[in-house]
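Here is structure-v3.pdb, consisting of PDB, C-alpha atoms (C1' of nucleotides):
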ATOM      1  CA  MET A1395      -5.587 -27.877  15.786
ATOM      2  CA  ARG A1396      -2.549 -30.102  15.184
ATOM      3  CA  GLU A1397      -0.440 -31.142  18.094
ATOM      4  CA  PHE A1398       2.939 -30.964  16.326
ATOM      5  CA  TYR A1399       4.591 -29.710  13.176
ATOM      6  CA  THR A1400       7.869 -30.951  11.727
ATOM      7  CA  ILE A1401      10.578 -28.524  10.778
ATOM      8  CA  THR A1402      10.038 -29.064   7.042
ATOM      9  CA  GLU A1403       6.337 -28.400   7.352
ATOM     10  CA  LEU A1404       7.167 -25.025   8.835
ATOM     11  CA  THR A1405       9.860 -24.262   6.244
ATOM     12  CA  LYS A1406       7.256 -24.859   3.541
ATOM     13  CA  GLU A1407       4.479 -22.936   5.206
ATOM     14  CA  PHE A1408       6.640 -19.880   5.847
ATOM     15  CA  SER A1409       9.182 -20.163   3.018
ATOM     16  CA  VAL A1410      12.223 -20.180   5.246
ATOM     17  CA  SER A1411      15.144 -22.614   5.480
ATOM     18  CA  THR A1412      15.719 -25.130   8.249
ATOM     19  CA  ARG A1413      18.900 -23.207   9.001
ATOM     20  CA  THR A1414      16.818 -20.132   9.742
ATOM     21  CA  ILE A1415      14.518 -21.966  12.112
ATOM     22  CA  ARG A1416      17.444 -23.602  13.906
ATOM     23  CA  PHE A1417      19.112 -20.218  14.137
ATOM     24  CA  TYR A1418      16.060 -18.861  15.954
ATOM     25  CA  GLU A1419      16.224 -21.837  18.293
ATOM     26  CA  ASP A1420      19.920 -21.161  18.968
ATOM     27  CA  GLU A1421      18.897 -17.617  19.796
ATOM     28  CA  GLU A1422      16.284 -19.098  22.150
ATOM     29  CA  LEU A1423      13.413 -17.348  20.443
ATOM     30  CA  ILE A1424      11.713 -20.718  19.886
ATOM     31  CA  LYS A1425      12.038 -23.767  22.089
ATOM     32  CA  PRO A1426      10.533 -26.766  20.295
ATOM     33  CA  VAL A1427      10.288 -30.033  22.225
ATOM     34  CA  ARG A1428      12.141 -33.170  21.123
ATOM     35  CA  ARG A1429      11.313 -36.755  20.286
ATOM     36  CA  GLY A1430      14.794 -38.264  20.429
ATOM     37  CA  ARG A1431      16.859 -35.680  18.607
ATOM     38  CA  THR A1432      14.103 -34.576  16.289
ATOM     39  CA  ARG A1433      12.436 -31.236  16.883
ATOM     40  CA  LEU A1434       8.677 -31.121  17.322
ATOM     41  CA  PHE A1435       7.022 -27.747  16.993
ATOM     42  CA  ARG A1436       3.844 -27.057  18.940
ATOM     43  CA  PRO A1437       1.209 -24.612  17.718
ATOM     44  CA  SER A1438       2.673 -22.089  20.140
ATOM     45  CA  ASP A1439       6.089 -22.538  18.498
ATOM     46  CA  ARG A1440       4.494 -22.047  15.113
ATOM     47  CA  LEU A1441       2.840 -18.839  16.326
ATOM     48  CA  LEU A1442       6.152 -17.601  17.662
ATOM     49  CA  LEU A1443       7.825 -18.260  14.330
ATOM     50  CA  LYS A1444       5.058 -16.325  12.627
ATOM     51  CA  GLN A1445       5.609 -13.392  14.968
ATOM     52  CA  ILE A1446       9.372 -13.515  14.434
ATOM     53  CA  LEU A1447       8.981 -13.400  10.651
ATOM     54  CA  ARG A1448       6.519 -10.560  10.965
ATOM     55  CA  GLY A1449       9.108  -8.639  12.932
ATOM     56  CA  LYS A1450      11.718  -9.407  10.298
ATOM     57  CA  ARG A1451       9.518  -8.053   7.528
ATOM     58  CA  LEU A1452       9.267  -4.821   9.493
ATOM     59  CA  GLY A1453      13.043  -4.581   9.674
ATOM     60  CA  PHE A1454      13.430  -5.382  13.366
ATOM     61  CA  SER A1455      16.683  -7.073  14.382
ATOM     62  CA  ILE A1456      16.728 -10.337  16.326
ATOM     63  CA  ALA A1457      17.487  -8.370  19.484
ATOM     64  CA  GLU A1458      14.462  -6.134  18.901
ATOM     65  CA  ILE A1459      12.269  -9.114  18.100
ATOM     66  CA  ARG A1460      13.398 -10.711  21.333
ATOM     67  CA  GLU A1461      12.191  -7.613  23.182
ATOM     68  CA  ILE A1462       8.860  -7.632  21.404
ATOM     69  CA  ILE A1463       8.340 -11.296  22.235
ATOM     70  CA  GLU A1464       9.156 -10.613  25.867
ATOM     71  CA  VAL A1465       6.402  -8.034  25.840
ATOM     72  CA  TYR A1466       3.861 -10.484  24.435
ATOM     73  CA  LYS A1467       4.339 -12.835  27.383
ATOM     74  CA  ALA A1468       2.106 -12.803  30.435
ATOM     75  CA  PRO A1469       3.241 -10.051  32.770
ATOM     76  CA  SER A1470       4.905 -11.111  36.012
ATOM     77  CA  GLY A1471       6.742  -9.449  38.869
ATOM     78  CA  GLU A1472       5.788  -6.571  41.106
ATOM     79  CA  GLU A1473       4.277  -3.198  40.332
ATOM     80  CA  GLY A1474       7.525  -1.514  39.285
ATOM     81  CA  GLN A1475       8.330  -4.285  36.839
ATOM     82  CA  ILE A1476       4.913  -4.145  35.263
ATOM     83  CA  LYS A1477       4.925  -0.379  34.937
ATOM     84  CA  LEU A1478       8.291  -0.651  33.258
ATOM     85  CA  MET A1479       6.819  -3.178  30.876
ATOM     86  CA  ILE A1480       4.036  -0.751  29.978
ATOM     87  CA  GLU A1481       6.640   1.860  29.164
ATOM     88  CA  ARG A1482       8.451  -0.544  26.891
ATOM     89  CA  ILE A1483       5.175  -1.290  25.152
ATOM     90  CA  ASN A1484       4.597   2.406  24.532
ATOM     91  CA  GLN A1485       8.127   2.726  23.188
ATOM     92  CA  LYS A1486       7.475  -0.038  20.672
ATOM     93  CA  ARG A1487       4.215   1.653  19.708
ATOM     94  CA  LYS A1488       6.144   4.787  18.840
ATOM     95  CA  GLU A1489       8.520   2.839  16.624
ATOM     96  CA  LEU A1490       5.587   1.208  14.885
ATOM     97  CA  GLU A1491       3.905   4.562  14.358
ATOM     98  CA  GLN A1492       7.087   5.890  12.756
ATOM     99  CA  LYS A1493       7.097   2.931  10.401
ATOM    100  CA  ARG A1494       3.436   3.500   9.598
ATOM    101  CA  GLN A1495       4.203   7.108   8.752
ATOM    102  CA  ASP A1496       7.089   5.944   6.560
ATOM    103  CA  ILE A1497       4.752   3.585   4.737
ATOM    104  CA  ASP A1498       2.179   6.324   4.194
ATOM    105  CA  ASP A1499       4.852   8.651   2.817
ATOM    106  CA  THR A1500       6.238   6.001   0.514
ATOM    107  CA  MET A1501       2.750   5.098  -0.674
ATOM    108  CA  ARG A1502       2.115   8.706  -1.569
ATOM    109  CA  GLU A1503       5.292   8.777  -3.623
ATOM    110  CA  MET A1504       4.166   5.622  -5.377
ATOM    111  CA  ASP A1505       0.842   7.254  -6.270
ATOM    112  CA  ASN A1506       2.793  10.180  -7.606
ATOM    113  CA  ALA A1507       5.110   7.994  -9.636
ATOM    114  CA  GLU A1508       2.195   6.089 -11.131
ATOM    115  CA  GLU A1509       0.411   9.280 -12.135
ATOM    116  CA  ASN A1510       3.547  10.464 -13.877
ATOM    117  CA  CYS A1511       3.701   7.192 -15.766
ATOM    118  CA  ILE A1512       0.078   7.458 -16.826
ATOM    119  CA  GLU A1513       0.598  11.033 -17.981
ATOM    120  CA  ARG A1514       3.638   9.991 -19.951
ATOM    121  CA  LEU A1515       1.632   7.235 -21.589
ATOM    122  CA  ALA A1516      -1.025   9.742 -22.620
ATOM    123  CA  GLU A1517       1.623  12.004 -24.118
ATOM    124  CA  LEU A1518       3.071   9.140 -26.106
ATOM    125  CA  ARG A1519      -0.359   8.407 -27.603
ATOM    126  CA  VAL A1520      -1.037  12.009 -28.526
ATOM    127  CA  SER A1521       2.317  12.432 -30.224
ATOM    128  CA  GLN A1522       1.682   9.560 -32.550
TER     129      GLN A1522
ATOM    130  CA  MET B 767      15.845  26.946   0.360
ATOM    131  CA  ARG B 768      19.611  26.456   0.804
ATOM    132  CA  GLU B 769      21.732  25.720  -2.204
ATOM    133  CA  PHE B 770      24.139  23.296  -0.562
ATOM    134  CA  TYR B 771      24.609  21.257   2.594
ATOM    135  CA  THR B 772      27.929  19.907   3.893
ATOM    136  CA  ILE B 773      28.275  16.282   4.821
ATOM    137  CA  THR B 774      28.429  17.042   8.546
ATOM    138  CA  GLU B 775      25.274  19.112   8.382
ATOM    139  CA  LEU B 776      23.498  16.102   6.982
ATOM    140  CA  THR B 777      25.031  13.696   9.508
ATOM    141  CA  LYS B 778      23.685  15.911  12.277
ATOM    142  CA  GLU B 779      20.274  16.425  10.770
ATOM    143  CA  PHE B 780      19.695  12.715  10.162
ATOM    144  CA  SER B 781      21.863  11.166  12.881
ATOM    145  CA  VAL B 782      23.987   9.087  10.553
ATOM    146  CA  SER B 783      27.764   8.866  10.128
ATOM    147  CA  THR B 784      29.792  10.304   7.276
ATOM    148  CA  ARG B 785      30.731   6.718   6.472
ATOM    149  CA  THR B 786      27.075   5.919   5.909
ATOM    150  CA  ILE B 787      26.566   8.837   3.559
ATOM    151  CA  ARG B 788      29.740   8.020   1.619
ATOM    152  CA  PHE B 789      28.622   4.419   1.439
ATOM    153  CA  TYR B 790      25.395   5.513  -0.225
ATOM    154  CA  GLU B 791      27.432   7.554  -2.655
ATOM    155  CA  ASP B 792      29.621   4.522  -3.429
ATOM    156  CA  GLU B 793      26.404   2.645  -4.107
ATOM    157  CA  GLU B 794      25.425   5.487  -6.417
ATOM    158  CA  LEU B 795      22.228   6.204  -4.564
ATOM    159  CA  ILE B 796      23.307   9.823  -4.055
ATOM    160  CA  LYS B 797      25.537  11.823  -6.355
ATOM    161  CA  PRO B 798      26.581  15.056  -4.636
ATOM    162  CA  VAL B 799      28.538  17.579  -6.665
ATOM    163  CA  ARG B 800      32.097  18.593  -5.737
ATOM    164  CA  ARG B 801      33.961  21.759  -4.974
ATOM    165  CA  GLY B 802      37.511  20.470  -5.306
ATOM    166  CA  ARG B 803      37.345  17.159  -3.474
ATOM    167  CA  THR B 804      34.705  18.261  -1.013
ATOM    168  CA  ARG B 805      31.176  16.973  -1.445
ATOM    169  CA  LEU B 806      28.349  19.477  -1.747
ATOM    170  CA  PHE B 807      24.834  18.163  -1.254
ATOM    171  CA  ARG B 808      21.997  19.842  -3.059
ATOM    172  CA  PRO B 809      18.443  19.872  -1.670
ATOM    173  CA  SER B 810      17.680  17.031  -4.070
ATOM    174  CA  ASP B 811      20.545  15.005  -2.550
ATOM    175  CA  ARG B 812      19.198  15.744   0.885
ATOM    176  CA  LEU B 813      15.746  14.551  -0.177
ATOM    177  CA  LEU B 814      17.244  11.369  -1.580
ATOM    178  CA  LEU B 815      19.053  10.710   1.692
ATOM    179  CA  LYS B 816      15.791  11.201   3.524
ATOM    180  CA  GLN B 817      14.098   8.687   1.259
ATOM    181  CA  ILE B 818      16.925   6.192   1.679
ATOM    182  CA  LEU B 819      16.720   6.372   5.470
ATOM    183  CA  ARG B 820      12.963   6.000   5.305
ATOM    184  CA  GLY B 821      13.464   2.825   3.303
ATOM    185  CA  LYS B 822      15.979   1.599   5.851
ATOM    186  CA  ARG B 823      13.554   2.109   8.720
ATOM    187  CA  LEU B 824      11.090  -0.056   6.847
ATOM    188  CA  GLY B 825      13.638  -2.834   6.552
ATOM    189  CA  PHE B 826      14.347  -2.505   2.842
ATOM    190  CA  SER B 827      17.838  -3.510   1.701
ATOM    191  CA  ILE B 828      20.040  -1.172  -0.336
ATOM    192  CA  ALA B 829      19.099  -3.112  -3.465
ATOM    193  CA  GLU B 830      15.396  -2.654  -2.731
ATOM    194  CA  ILE B 831      15.868   1.005  -1.937
ATOM    195  CA  ARG B 832      17.650   1.393  -5.248
ATOM    196  CA  GLU B 833      14.572  -0.036  -6.974
ATOM    197  CA  ILE B 834      12.252   2.273  -5.096
ATOM    198  CA  ILE B 835      14.353   5.290  -6.015
ATOM    199  CA  GLU B 836      14.331   4.231  -9.647
ATOM    200  CA  VAL B 837      10.561   4.285  -9.474
ATOM    201  CA  TYR B 838      10.468   7.800  -8.059
ATOM    202  CA  LYS B 839      12.321   9.187 -11.059
ATOM    203  CA  ALA B 840      10.582  10.750 -14.032
ATOM    204  CA  PRO B 841       9.410   7.994 -16.357
ATOM    205  CA  SER B 842      11.239   7.645 -19.644
ATOM    206  CA  GLY B 843      11.324   5.219 -22.549
ATOM    207  CA  GLU B 844       8.584   3.826 -24.716
ATOM    208  CA  GLU B 845       5.212   2.432 -23.815
ATOM    209  CA  GLY B 846       6.440  -1.046 -22.867
ATOM    210  CA  GLN B 847       9.001   0.375 -20.478
ATOM    211  CA  ILE B 848       6.506   2.614 -18.797
ATOM    212  CA  LYS B 849       3.928  -0.128 -18.410
ATOM    213  CA  LEU B 850       6.631  -2.268 -16.843
ATOM    214  CA  MET B 851       7.382   0.564 -14.468
ATOM    215  CA  ILE B 852       3.729   0.706 -13.421
ATOM    216  CA  GLU B 853       3.857  -3.004 -12.653
ATOM    217  CA  ARG B 854       6.912  -2.502 -10.473
ATOM    218  CA  ILE B 855       5.105   0.272  -8.651
ATOM    219  CA  ASN B 856       2.190  -2.011  -7.956
ATOM    220  CA  GLN B 857       4.581  -4.686  -6.718
ATOM    221  CA  LYS B 858       6.090  -2.246  -4.227
ATOM    222  CA  ARG B 859       2.608  -1.258  -3.146
ATOM    223  CA  LYS B 860       1.908  -4.864  -2.261
ATOM    224  CA  GLU B 861       5.037  -5.093  -0.168
ATOM    225  CA  LEU B 862       4.094  -1.907   1.625
ATOM    226  CA  GLU B 863       0.594  -3.195   2.271
ATOM    227  CA  GLN B 864       2.059  -6.370   3.767
ATOM    228  CA  LYS B 865       4.170  -4.247   6.079
ATOM    229  CA  ARG B 866       1.147  -2.178   7.005
ATOM    230  CA  GLN B 867      -0.734  -5.336   7.882
ATOM    231  CA  ASP B 868       2.233  -6.501   9.947
ATOM    232  CA  ILE B 869       2.204  -3.219  11.834
ATOM    233  CA  ASP B 870      -1.524  -3.466  12.501
ATOM    234  CA  ASP B 871      -1.113  -7.017  13.798
ATOM    235  CA  THR B 872       1.792  -6.069  16.022
ATOM    236  CA  MET B 873      -0.098  -3.037  17.311
ATOM    237  CA  ARG B 874      -3.011  -5.249  18.277
ATOM    238  CA  GLU B 875      -0.679  -7.536  20.215
ATOM    239  CA  MET B 876       0.720  -4.501  21.970
ATOM    240  CA  ASP B 877      -2.788  -3.418  22.995
ATOM    241  CA  ASN B 878      -3.338  -6.910  24.305
ATOM    242  CA  ALA B 879      -0.088  -6.962  26.209
ATOM    243  CA  GLU B 880      -0.826  -3.605  27.794
ATOM    244  CA  GLU B 881      -4.293  -4.688  28.889
ATOM    245  CA  ASN B 882      -2.777  -7.740  30.547
ATOM    246  CA  CYS B 883      -0.361  -5.516  32.386
ATOM    247  CA  ILE B 884      -3.125  -3.236  33.594
ATOM    248  CA  GLU B 885      -5.164  -6.207  34.755
ATOM    249  CA  ARG B 886      -2.189  -7.568  36.617
ATOM    250  CA  LEU B 887      -1.693  -4.216  38.302
ATOM    251  CA  ALA B 888      -5.315  -4.219  39.443
ATOM    252  CA  GLU B 889      -4.898  -7.731  40.860
ATOM    253  CA  LEU B 890      -1.812  -6.661  42.764
ATOM    254  CA  ARG B 891      -3.724  -3.791  44.383
ATOM    255  CA  VAL B 892      -6.693  -5.964  45.390
ATOM    256  CA  SER B 893      -4.479  -8.605  46.976
ATOM    257  CA  GLN B 894      -2.860  -6.086  49.292
TER     258      GLN B 894
ATOM    259  C1'  DG C 691      20.233 -56.472   5.802
ATOM    260  C1'  DA C 692      21.217 -52.663   2.577
ATOM    261  C1'  DT C 693      19.699 -48.356   1.275
ATOM    262  C1'  DT C 694      17.019 -44.478   0.907
ATOM    263  C1'  DT C 695      14.923 -40.543   3.339
ATOM    264  C1'  DG C 696      14.633 -36.891   6.622
ATOM    265  C1'  DA C 697      16.646 -34.770  10.374
ATOM    266  C1'  DT C 698      20.655 -33.315  13.233
ATOM    267  C1'  DT C 699      25.144 -31.245  14.580
ATOM    268  C1'  DG C 700      29.244 -28.624  13.803
ATOM    269  C1'  DA C 701      32.063 -25.859  11.368
ATOM    270  C1'  DC C 702      33.299 -22.828   8.071
ATOM    271  C1'  DT C 703      31.680 -19.208   4.641
ATOM    272  C1'  DT C 704      29.163 -15.364   2.779
ATOM    273  C1'  DT C 705      26.603 -11.073   2.324
ATOM    274  C1'  DT C 706      25.117  -6.677   3.862
ATOM    275  C1'  DA C 707      25.903  -2.382   5.855
ATOM    276  C1'  DC C 708      28.497  -0.088   7.655
ATOM    277  C1'  DG C 709      32.811   0.914  11.675
ATOM    278  C1'  DT C 710      37.420   2.244  12.301
ATOM    279  C1'  DA C 711      41.977   3.770  11.581
ATOM    280  C1'  DA C 712      45.760   5.801   9.018
ATOM    281  C1'  DA C 713      47.535   8.833   5.698
ATOM    282  C1'  DT C 714      46.589  12.895   2.953
ATOM    283  C1'  DC C 715      44.950  17.382   1.749
ATOM    284  C1'  DA C 716      43.131  22.127   1.862
ATOM    285  C1'  DA C 717      41.586  26.029   4.242
ATOM    286  C1'  DT C 718      41.489  28.721   8.309
ATOM    287  C1'  DT C 719      43.368  30.431  12.591
ATOM    288  C1'  DA C 720      46.960  31.381  15.986
TER     289       DA C 720
ATOM    290  C1'  DT D1241      54.564  29.834   9.145
ATOM    291  C1'  DA D1242      52.944  26.426  12.227
ATOM    292  C1'  DA D1243      49.132  24.252  13.799
ATOM    293  C1'  DT D1244      44.459  23.252  14.029
ATOM    294  C1'  DT D1245      40.156  21.881  11.784
ATOM    295  C1'  DG D1246      37.317  19.479   8.610
ATOM    296  C1'  DA D1247      37.070  16.643   4.807
ATOM    297  C1'  DT D1248      38.838  12.878   1.786
ATOM    298  C1'  DT D1249      40.676   8.325   0.286
ATOM    299  C1'  DT D1250      42.096   3.682   1.064
ATOM    300  C1'  DA D1251      41.880  -0.336   3.274
ATOM    301  C1'  DC D1252      41.063  -3.572   6.606
ATOM    302  C1'  DG D1253      37.671  -5.060  10.279
ATOM    303  C1'  DT D1254      33.187  -6.490  12.112
ATOM    304  C1'  DA D1255      28.431  -7.863  13.587
ATOM    305  C1'  DA D1256      24.160  -9.864  12.178
ATOM    306  C1'  DA D1257      21.730 -13.288   9.834
ATOM    307  C1'  DA D1258      21.816 -16.692   7.750
ATOM    308  C1'  DG D1259      24.046 -20.131   3.609
ATOM    309  C1'  DT D1260      26.564 -24.227   2.703
ATOM    310  C1'  DC D1261      28.756 -28.489   3.333
ATOM    311  C1'  DA D1262      30.147 -32.755   5.534
ATOM    312  C1'  DA D1263      29.528 -36.259   8.761
ATOM    313  C1'  DT D1264      26.213 -38.667  11.543
ATOM    314  C1'  DC D1265      22.049 -40.845  12.865
ATOM    315  C1'  DA D1266      17.522 -43.101  13.082
ATOM    316  C1'  DA D1267      13.523 -44.844  10.963
ATOM    317  C1'  DA D1268      11.281 -46.627   7.101
ATOM    318  C1'  DT D1269      11.355 -49.130   2.879
ATOM    319  C1'  DC D1270      13.029 -52.277  -0.550
TER     320       DC D1270
END
Take the structure I supplied and represent it as structure tokens, if you would.
Amino acid sequence: MREFYTITELTKEFSVSTRTIRFYEDEELIKPVRRGRTRLFRPSDRLLLKQILRGKRLGFSIAEIREIIEVYKAPSGEEGQIKLMIERINQKRKELEQKRQDIDDTMREMDNAEENCIERLAELRVSQ
Amino acid sequence: MREFYTITELTKEFSVSTRTIRFYEDEELIKPVRRGRTRLFRPSDRLLLKQILRGKRLGFSIAEIREIIEVYKAPSGEEGQIKLMIERINQKRKELEQKRQDIDDTMREMDNAEENCIERLAELRVSQ
DNA sequence: GATTTGATTGACTTTTACGTAAATCAATTA
DNA sequence: TAATTGATTTACGTAAAAGTCAATCAAATC
């Protein structure tokens, strides 16, 4: 495993702009180290970026992604804090399940739409 | 099945503002009929709204939702057009499968996070 | 030593998806 | 008939998530 990635390596790997990556740093979602002024991204930073972009694809806002990332971290604090964290995890699970249901529904409509197309194609051939 | 819904009935059912619904009409995603100036939403308009909001939850933009809705419609045109439509359907399927994968991955991380929390709770109890 | 290359910072701009407020209208109720 | 209620139109405002551009800098190359 590589020790560091440059910003352009990551922009290429994930097809995002440098502006986007710097924006996530401004938002303190990623905290790359520096050599002089230049950012150096560790594998853990790269993983974070991957998780952020995954969240984006699912339509989560930066604020929501921040929450999700908080949840990923090692749990700390006393019992109450940790139980609260578990509740937040279950909340996120519910949101994800809703999205999964939405995907299933949309998929079904796609199947439907395709069948209609195929039928229409058959009709066109018969009527020739 | 009801013949018409008012705009406020729909705002309540789906927890959106009138502004949102009118915005979708401006974008020509929904085309309610009118009695005078007042909008009347048919069951088909209601279904469309439902589909739009489903797309939103999945993080699709208005432009993407417009595409998806196009796909739902009854296929028309000649063979080339319909084959093109089938390709667009398959493209959307890919996007949906990516999202499904993203959900699965995030779910797994949630399971992980919860396990860590439970472990931490156990540790706290032992060390008392 | 001059210049090219890659990265940074800062500031202003843009797009999307609505929010909000004011003026208008039409129908119902007091 | 006056006033309330619910809906409409118009228009300006806004937050989020970057895009874009200019100036700067540092290291490498010619």
After a least-squares superposition on chain A using every in-order C-alpha pair, I'd like chain B written out as a short mmCIF file (atom, residue, chain, number, x, y, z; two decimals) with C-alpha atoms, in the coordinates of the input.
data_model
loop_
_atom_site.label_atom_id
_atom_site.label_comp_id
_atom_site.auth_asym_id
_atom_site.auth_seq_id
_atom_site.Cartn_x
_atom_site.Cartn_y
_atom_site.Cartn_z
CA MET B 767 -5.59 -27.97 15.94
CA ARG B 768 -2.52 -30.18 15.35
CA GLU B 769 -0.37 -31.15 18.27
CA PHE B 770 2.98 -31.00 16.51
CA TYR B 771 4.61 -29.77 13.32
CA THR B 772 7.91 -31.04 11.88
CA ILE B 773 10.61 -28.61 10.91
CA THR B 774 10.07 -29.20 7.19
CA GLU B 775 6.36 -28.56 7.49
CA LEU B 776 7.18 -25.17 8.93
CA THR B 777 9.86 -24.42 6.32
CA LYS B 778 7.26 -25.07 3.63
CA GLU B 779 4.48 -23.13 5.27
CA PHE B 780 6.62 -20.04 5.86
CA SER B 781 9.16 -20.35 3.04
CA VAL B 782 12.21 -20.33 5.27
CA SER B 783 15.13 -22.76 5.55
CA THR B 784 15.72 -25.25 8.34
CA ARG B 785 18.89 -23.29 9.07
CA THR B 786 16.79 -20.22 9.76
CA ILE B 787 14.50 -22.04 12.16
CA ARG B 788 17.44 -23.65 13.97
CA PHE B 789 19.10 -20.26 14.15
CA TYR B 790 16.06 -18.88 15.95
CA GLU B 791 16.23 -21.81 18.32
CA ASP B 792 19.92 -21.11 18.98
CA GLU B 793 18.89 -17.56 19.76
CA GLU B 794 16.31 -19.00 22.14
CA LEU B 795 13.43 -17.30 20.41
CA ILE B 796 11.72 -20.67 19.90
CA LYS B 797 12.05 -23.70 22.13
CA PRO B 798 10.54 -26.74 20.41
CA VAL B 799 10.31 -29.95 22.39
CA ARG B 800 12.18 -33.11 21.34
CA ARG B 801 11.34 -36.68 20.54
CA GLY B 802 14.82 -38.17 20.72
CA ARG B 803 16.90 -35.61 18.86
CA THR B 804 14.14 -34.56 16.51
CA ARG B 805 12.47 -31.22 17.07
CA LEU B 806 8.70 -31.12 17.50
CA PHE B 807 7.03 -27.74 17.13
CA ARG B 808 3.87 -27.06 19.05
CA PRO B 809 1.22 -24.62 17.80
CA SER B 810 2.69 -22.08 20.20
CA ASP B 811 6.11 -22.53 18.55
CA ARG B 812 4.50 -22.08 15.18
CA LEU B 813 2.84 -18.87 16.36
CA LEU B 814 6.16 -17.60 17.67
CA LEU B 815 7.81 -18.30 14.33
CA LYS B 816 5.04 -16.39 12.62
CA GLN B 817 5.60 -13.44 14.93
CA ILE B 818 9.36 -13.55 14.37
CA LEU B 819 8.95 -13.47 10.60
CA ARG B 820 6.48 -10.63 10.90
CA GLY B 821 9.08 -8.70 12.85
CA LYS B 822 11.67 -9.48 10.19
CA ARG B 823 9.45 -8.14 7.42
CA LEU B 824 9.20 -4.91 9.37
CA GLY B 825 12.97 -4.63 9.54
CA PHE B 826 13.39 -5.42 13.22
CA SER B 827 16.66 -7.10 14.22
CA ILE B 828 16.73 -10.35 16.20
CA ALA B 829 17.48 -8.35 19.34
CA GLU B 830 14.45 -6.14 18.75
CA ILE B 831 12.26 -9.11 17.97
CA ARG B 832 13.41 -10.67 21.22
CA GLU B 833 12.20 -7.56 23.05
CA ILE B 834 8.87 -7.62 21.28
CA ILE B 835 8.36 -11.27 22.15
CA GLU B 836 9.20 -10.55 25.77
CA VAL B 837 6.41 -8.01 25.74
CA TYR B 838 3.89 -10.48 24.36
CA LYS B 839 4.39 -12.82 27.31
CA ALA B 840 2.16 -12.82 30.36
CA PRO B 841 3.27 -10.06 32.70
CA SER B 842 4.95 -11.11 35.91
CA GLY B 843 6.78 -9.46 38.78
CA GLU B 844 5.81 -6.61 41.04
CA GLU B 845 4.28 -3.27 40.25
CA GLY B 846 7.52 -1.55 39.22
CA GLN B 847 8.33 -4.30 36.75
CA ILE B 848 4.92 -4.19 35.19
CA LYS B 849 4.91 -0.42 34.87
CA LEU B 850 8.28 -0.68 33.18
CA MET B 851 6.81 -3.22 30.81
CA ILE B 852 4.02 -0.80 29.91
CA GLU B 853 6.62 1.83 29.10
CA ARG B 854 8.43 -0.59 26.81
CA ILE B 855 5.15 -1.34 25.08
CA ASN B 856 4.57 2.33 24.47
CA GLN B 857 8.10 2.67 23.12
CA LYS B 858 7.44 -0.09 20.60
CA ARG B 859 4.19 1.59 19.66
CA LYS B 860 6.12 4.71 18.77
CA GLU B 861 8.48 2.78 16.55
CA LEU B 862 5.55 1.13 14.83
CA GLU B 863 3.86 4.48 14.30
CA GLN B 864 7.05 5.82 12.72
CA LYS B 865 7.06 2.87 10.35
CA ARG B 866 3.41 3.45 9.56
CA GLN B 867 4.17 7.05 8.73
CA ASP B 868 7.06 5.91 6.54
CA ILE B 869 4.72 3.57 4.69
CA ASP B 870 2.15 6.31 4.16
CA ASP B 871 4.84 8.65 2.81
CA THR B 872 6.23 6.01 0.49
CA MET B 873 2.73 5.11 -0.70
CA ARG B 874 2.09 8.74 -1.57
CA GLU B 875 5.29 8.85 -3.62
CA MET B 876 4.17 5.71 -5.40
CA ASP B 877 0.84 7.34 -6.28
CA ASN B 878 2.78 10.28 -7.60
CA ALA B 879 5.12 8.13 -9.63
CA GLU B 880 2.23 6.22 -11.15
CA GLU B 881 0.41 9.40 -12.12
CA ASN B 882 3.54 10.62 -13.87
CA CYS B 883 3.72 7.38 -15.78
CA ILE B 884 0.10 7.63 -16.85
CA GLU B 885 0.61 11.21 -17.97
CA ARG B 886 3.65 10.21 -19.95
CA LEU B 887 1.66 7.45 -21.62
CA ALA B 888 -1.02 9.95 -22.63
CA GLU B 889 1.64 12.26 -24.09
CA LEU B 890 3.09 9.40 -26.10
CA ARG B 891 -0.32 8.65 -27.62
CA VAL B 892 -1.03 12.28 -28.53
CA SER B 893 2.33 12.72 -30.23
CA GLN B 894 1.71 9.82 -32.58
#
Run through the PyMOL selection byres ((chain D and resi 1266) around 10) on the given coordinates and return the selected residues as a ChimeraX atom specification. /A:1430-1432 /C:696-697 /D:1264-1265,1267-1268
Go ahead and compute the interatomic distance for CA of Phe789 in chain B and CA of Ile835 in chain B, in Å to one decimal.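 Interatomic distance, CA of Phe789 in chain B to CA of Ile835 in chain B: 16.1 Å.
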Just need the residues of chain A within 9 Å of chain D, counting all atoms listed in the file, so spit them out as number ranges by chain. A: 1413-1414, 1417, 1455-1456
Kindly determine which residues of chain A lie within 10 Å of chain C, considering only C-alpha atoms (C1' of nucleotides), and give the answer as a ChimeraX atom specification. /A:1400-1402,1412,1431-1433
Selection result for the PyMOL selection byres ((chain A) within 8 of (chain B)) on this file, as an MDAnalysis selection string: chainID A and resid 1448:1454 1465:1470 1472:1473 1476:1477 1479:1480 1483 1487 1490 1493:1494 1496:1497 1501 1503:1504 1507:1508 1510:1511 1514:1515 1518
Explicit residue set for the PyMOL selection byres ((chain B and resi 815) around 9), as a list in words: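 The output of the PyMOL selection byres ((chain B and resi 815) around 9) on this file is Leu776, Phe780, Ile787, Tyr790, Leu795, Ile796, Ser810, Asp811, Arg812, Leu813, Leu814, Lys816, Gln817, Ile818, Leu819 and Arg820 of chain B.
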Provide the CA of Asp792 in chain B to CA of Ile831 in chain B distance in Å, to one decimal place.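 Going from CA of Asp792 in chain B over to CA of Ile831 in chain B covers 14.3 Å.
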May I have the residues at most 12 Å from (19.5, 26.1, 6.2) in the file's coordinates, counting only C-alpha atoms (C1' of nucleotides), as number ranges by chain? B: 767-772, 775-776, 779, 808-809, 812
Between CA of Arg801 in chain B and CA of Ser781 in chain B - distance in Å to one decimal: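 Interatomic distance here is 24.0 Å.
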